[in-house]
Amino acid sequence: MINATFERFRYHKPLPNFYKIENPSNPKTEVSEDLINKLTDLVLKYNFTGISYSKLSENFKAEFDLDMDNVIIFKFLMGENLINMDPSKEKCKLMDDEFQEYGVHVYEFADFLRENGFQADLIHPLHDNLSLRAIALQSNECVITGSNMCLFKDGLHNGFFMIHTSIENLPFKKENDMLWVSDFCSTCGICMDRCPENAFDENGKFLRKLCTAHRKGCNECLLRCPFYKRSYDKVKKRYERMKARQKNE
């Protein structure tokens with residue numbers, strides 16, 4: 001199991017507090033709808049946009065050598081003012097400050113679950129050997145866009161934290177109704193055309209080493225993306241109209 005006890009999130013900046021409640025020795029595995037609703041209310045209190053749930057497949061667990069099954073994803077939207085700032089080290093610092101402000105509350109969410117008898121541990125958000133985006137994809141509530149960003153219906157500019165838990169009966173979603181996004185991205189290409197770092201090859205493959213998002217805070221592809229400018233629902237309607245026209249031609 002991943003050790004969730006750690007002292008620093010990003011840029012070696014310490015968090016001000018950690019868990020206040022120990023995991024129960026004999027954790028429960030069944031949660032009531034009422035308790036899930038109370039957890040959701042607590043999440044919304046701190047301006048998170050909502051919760052998603054991932055049930056990890058046996059193949060995924062074997063690939064990453066994991067012994068956890070159930071993951072709760074806490075989503076938040078990055079601040080518009082920060083997104084619109086020009087790339088700089090100062091922007092990176094401010095984005096990290098925002099990230100950590102949200103991160104502090106995730107310990108409270110874990111303590112809430114522990115207090116109610118469930119095992120709950122924060123998954124290190126910068127774990128070197130585990131892709132949190134891969135875990136997010138198993139929620140069936142997100143996809144990876146052509147610009148290599150994780151898109152939830154809440155918004156393209158989503159950040160998230162994750163807790164793995166003993167709860168077995170979370171409301172897992174079985175099918176992903178967002179898979180059309182890949183086809184839409186293949187017809188769009190704005191992120192590739194407007195990338196100031198040319199971080200895509202001739203086949204449209206994203207080149208992580210050339211991207212300066214984490215070094216300088218560049219998010220030009222996000223700002224240009226229809227999913228950011230128009231929202232998921234509006235882009236979906238546009239896509240459906242496009243496919244209907246193509247069918248009638």
# chains A, B, ... in the order shown; residues from 1 in each chain; ligands from 1
$ residues_around --residues "stretch 118-122 of chain A" --least-positions-apart "4" --cutoff "9 Å" --atoms "only C-alpha atoms" --output "list in words"
Ile2, Asn3, Ala4, Thr5, Glu22, Asn23, Pro24, Ser25, Asn26, Pro27, Lys28, Thr29, Glu30, Val31, Val106, Tyr107, Phe109, Ala110, Asp111, Phe112, Leu113, Arg114, Phe161, Met162, Ile163, His164, Thr165, Ser166 and Ile167 of chain A
$ residues_around --residues "A:Phe206" --least-positions-apart "6" --cutoff "10 Å" --atoms "only C-alpha atoms" --output "list in words"
Gly146, Ser147, Asn148, Met192, Asn198, Ala199 and Phe200 of chain A
$ select_by_dssp --residues "stretch 43-84 of chain A" --states "strand (DSSP E)" --output "ChimeraX atom specification"
/A:50-55,70-77
$ closest_residue --among "A:Lys20, A:Glu63, A:Leu39, A:Glu80" --to "A:Asn219" --atoms "only C-alpha atoms"
A:Glu80
$ closest_residue --among "A:Tyr239, A:Phe74, A:Phe18, A:Tyr46" --to "A:Thr187" --atoms "only C-alpha atoms"
A:Tyr239
$ residues_around --residues "A:Phe76" --least-positions-apart "3" --cutoff "12 Å" --atoms "only C-alpha atoms" --output "JSON list (two decimals) with N, CA, C and O atoms, in the first residue's frame"
[["chain", "number", "residue", "atom", "x", "y", "z"],
["A", 43, "VAL", "N", -17.27, 18.77, 1.48],
["A", 43, "VAL", "CA", -16.42, 19.09, 0.32],
["A", 43, "VAL", "C", -16.84, 20.41, -0.32],
["A", 43, "VAL", "O", -16.01, 21.27, -0.62],
["A", 44, "LEU", "N", -18.13, 20.59, -0.51],
["A", 44, "LEU", "CA", -18.63, 21.82, -1.14],
["A", 44, "LEU", "C", -18.40, 23.04, -0.25],
["A", 44, "LEU", "O", -18.25, 24.16, -0.75],
["A", 45, "LYS", "N", -18.37, 22.81, 1.04],
["A", 45, "LYS", "CA", -18.12, 23.90, 1.99],
["A", 45, "LYS", "C", -16.79, 24.59, 1.70],
["A", 45, "LYS", "O", -16.65, 25.80, 1.88],
["A", 46, "TYR", "N", -15.81, 23.82, 1.23],
["A", 46, "TYR", "CA", -14.49, 24.37, 0.96],
["A", 46, "TYR", "C", -14.27, 24.66, -0.53],
["A", 46, "TYR", "O", -13.13, 24.71, -1.00],
["A", 47, "ASN", "N", -15.36, 24.82, -1.25],
["A", 47, "ASN", "CA", -15.32, 25.24, -2.67],
["A", 47, "ASN", "C", -14.73, 24.19, -3.61],
["A", 47, "ASN", "O", -14.27, 24.55, -4.70],
["A", 48, "PHE", "N", -14.73, 22.94, -3.21],
["A", 48, "PHE", "CA", -14.47, 21.88, -4.17],
["A", 48, "PHE", "C", -15.71, 21.76, -5.06],
["A", 48, "PHE", "O", -16.82, 22.10, -4.65],
["A", 49, "THR", "N", -15.51, 21.29, -6.28],
["A", 49, "THR", "CA", -16.66, 21.21, -7.20],
["A", 49, "THR", "C", -17.44, 19.91, -7.03],
["A", 49, "THR", "O", -18.59, 19.83, -7.48],
["A", 50, "GLY", "N", -16.86, 18.91, -6.41],
["A", 50, "GLY", "CA", -17.58, 17.66, -6.23],
["A", 50, "GLY", "C", -16.66, 16.48, -6.01],
["A", 50, "GLY", "O", -15.44, 16.63, -5.82],
["A", 51, "ILE", "N", -17.25, 15.29, -6.06],
["A", 51, "ILE", "CA", -16.56, 14.05, -5.78],
["A", 51, "ILE", "C", -16.79, 13.06, -6.91],
["A", 51, "ILE", "O", -17.89, 12.98, -7.46],
["A", 52, "SER", "N", -15.76, 12.31, -7.27],
["A", 52, "SER", "CA", -15.89, 11.17, -8.17],
["A", 52, "SER", "C", -15.29, 9.96, -7.48],
["A", 52, "SER", "O", -14.59, 10.09, -6.46],
["A", 73, "ILE", "N", -12.21, 10.80, -5.27],
["A", 73, "ILE", "CA", -11.53, 11.90, -5.94],
["A", 73, "ILE", "C", -12.22, 13.21, -5.57],
["A", 73, "ILE", "O", -13.43, 13.36, -5.78],
["A", 79, "GLY", "N", -8.08, 28.73, -9.99],
["A", 79, "GLY", "CA", -8.55, 30.10, -10.05],
["A", 79, "GLY", "C", -8.36, 30.74, -11.41],
["A", 79, "GLY", "O", -7.29, 30.64, -12.01],
["A", 98, "GLU", "N", -2.32, 27.82, -4.00],
["A", 98, "GLU", "CA", -3.73, 27.44, -4.13],
["A", 98, "GLU", "C", -3.90, 25.93, -3.98],
["A", 98, "GLU", "O", -4.81, 25.47, -3.28],
["A", 99, "PHE", "N", -3.02, 25.19, -4.63],
["A", 99, "PHE", "CA", -3.05, 23.73, -4.56],
["A", 99, "PHE", "C", -2.97, 23.25, -3.12],
["A", 99, "PHE", "O", -3.71, 22.38, -2.68],
["A", 100, "GLN", "N", -2.09, 23.84, -2.36],
["A", 100, "GLN", "CA", -1.89, 23.41, -0.98],
["A", 100, "GLN", "C", -3.03, 23.85, -0.07],
["A", 100, "GLN", "O", -3.36, 23.16, 0.90],
["A", 101, "GLU", "N", -3.65, 24.99, -0.36],
["A", 101, "GLU", "CA", -4.80, 25.42, 0.42],
["A", 101, "GLU", "C", -5.93, 24.39, 0.32],
["A", 101, "GLU", "O", -6.60, 24.08, 1.31],
["A", 102, "TYR", "N", -6.14, 23.88, -0.89],
["A", 102, "TYR", "CA", -7.13, 22.82, -1.05],
["A", 102, "TYR", "C", -6.66, 21.53, -0.38],
["A", 102, "TYR", "O", -7.44, 20.80, 0.23],
["A", 103, "GLY", "N", -5.37, 21.25, -0.51],
["A", 103, "GLY", "CA", -4.83, 20.00, 0.02],
["A", 103, "GLY", "C", -5.01, 19.85, 1.52],
["A", 103, "GLY", "O", -5.25, 18.75, 2.02],
["A", 105, "HIS", "N", -7.48, 20.68, 3.30],
["A", 105, "HIS", "CA", -8.83, 20.24, 3.62],
["A", 105, "HIS", "C", -9.03, 18.75, 3.38],
["A", 105, "HIS", "O", -9.91, 18.13, 3.99],
["A", 106, "VAL", "N", -8.22, 18.16, 2.51],
["A", 106, "VAL", "CA", -8.39, 16.74, 2.21],
["A", 106, "VAL", "C", -8.07, 15.90, 3.43],
["A", 106, "VAL", "O", -8.65, 14.83, 3.64],
["A", 152, "PHE", "N", -12.79, 16.69, -16.72],
["A", 152, "PHE", "CA", -14.04, 16.28, -16.09],
["A", 152, "PHE", "C", -15.14, 17.19, -16.62],
["A", 152, "PHE", "O", -14.86, 18.27, -17.14],
["A", 153, "LYS", "N", -16.38, 16.79, -16.45],
["A", 153, "LYS", "CA", -17.48, 17.65, -16.89],
["A", 153, "LYS", "C", -17.52, 18.95, -16.09],
["A", 153, "LYS", "O", -18.06, 19.95, -16.57],
["A", 154, "ASP", "N", -16.96, 18.93, -14.88],
["A", 154, "ASP", "CA", -16.91, 20.15, -14.06],
["A", 154, "ASP", "C", -16.12, 21.25, -14.76],
["A", 154, "ASP", "O", -16.40, 22.43, -14.56],
["A", 155, "GLY", "N", -15.10, 20.87, -15.52],
["A", 155, "GLY", "CA", -14.27, 21.86, -16.18],
["A", 155, "GLY", "C", -12.92, 21.29, -16.57],
["A", 155, "GLY", "O", -12.46, 20.30, -16.01],
["A", 156, "LEU", "N", -12.29, 21.93, -17.54],
["A", 156, "LEU", "CA", -10.97, 21.49, -17.98],
["A", 156, "LEU", "C", -9.91, 21.87, -16.97],
["A", 156, "LEU", "O", -8.89, 21.18, -16.82],
["A", 157, "HIS", "N", -10.12, 22.97, -16.25],
["A", 157, "HIS", "CA", -9.11, 23.47, -15.31],
["A", 157, "HIS", "C", -9.30, 22.86, -13.93],
["A", 157, "HIS", "O", -9.26, 23.54, -12.91],
["A", 158, "ASN", "N", -9.50, 21.56, -13.91],
["A", 158, "ASN", "CA", -9.69, 20.83, -12.66],
["A", 158, "ASN", "C", -8.37, 20.43, -12.03],
["A", 158, "ASN", "O", -7.45, 19.98, -12.70],
["A", 159, "GLY", "N", -8.29, 20.62, -10.74],
["A", 159, "GLY", "CA", -7.26, 19.98, -9.94],
["A", 159, "GLY", "C", -7.96, 18.93, -9.09],
["A", 159, "GLY", "O", -9.17, 18.98, -8.91],
["A", 160, "PHE", "N", -7.20, 17.99, -8.54],
["A", 160, "PHE", "CA", -7.85, 16.99, -7.69],
["A", 160, "PHE", "C", -6.88, 16.35, -6.72],
["A", 160, "PHE", "O", -5.68, 16.32, -6.93],
["A", 161, "PHE", "N", -7.47, 15.88, -5.64],
["A", 161, "PHE", "CA", -6.77, 15.08, -4.64],
["A", 161, "PHE", "C", -7.53, 13.76, -4.51],
["A", 161, "PHE", "O", -8.70, 13.67, -4.86],
["A", 162, "MET", "N", -6.85, 12.75, -3.97],
["A", 162, "MET", "CA", -7.48, 11.43, -3.86],
["A", 162, "MET", "C", -7.22, 10.79, -2.50],
["A", 162, "MET", "O", -6.15, 10.96, -1.92]]
$ atom_distance --atom1 "atom CA of A:Lys216" --atom2 "atom CA of A:Ser88"
4.9 Å
$ atom_distance --atom1 "atom CA of A:Tyr53" --atom2 "atom CA of A:Ile72"
4.7 Å
$ closest_residue --among "A:Val104, A:Tyr228, A:Thr40, A:Glu168" --to "A:Leu77" --atoms "only C-alpha atoms"
A:Tyr228
$ atom_distance --atom1 "atom CA of A:Ser32" --atom2 "atom CA of A:Ser139"
19.8 Å
$ closest_residue --among "A:Leu170, A:Cys150, A:Ala213, A:Met78" --to "A:Glu33" --atoms "only C-alpha atoms"
A:Leu170
$ closest_residue --among "A:Glu108, A:Asn129, A:Asp97, A:Leu42" --to "A:Leu66" --atoms "only C-alpha atoms"
A:Asn129
$ closest_residue --among "A:Glu90, A:Asp233, A:Glu249, A:Asp67" --to "A:Arg215" --atoms "only C-alpha atoms"
A:Glu90
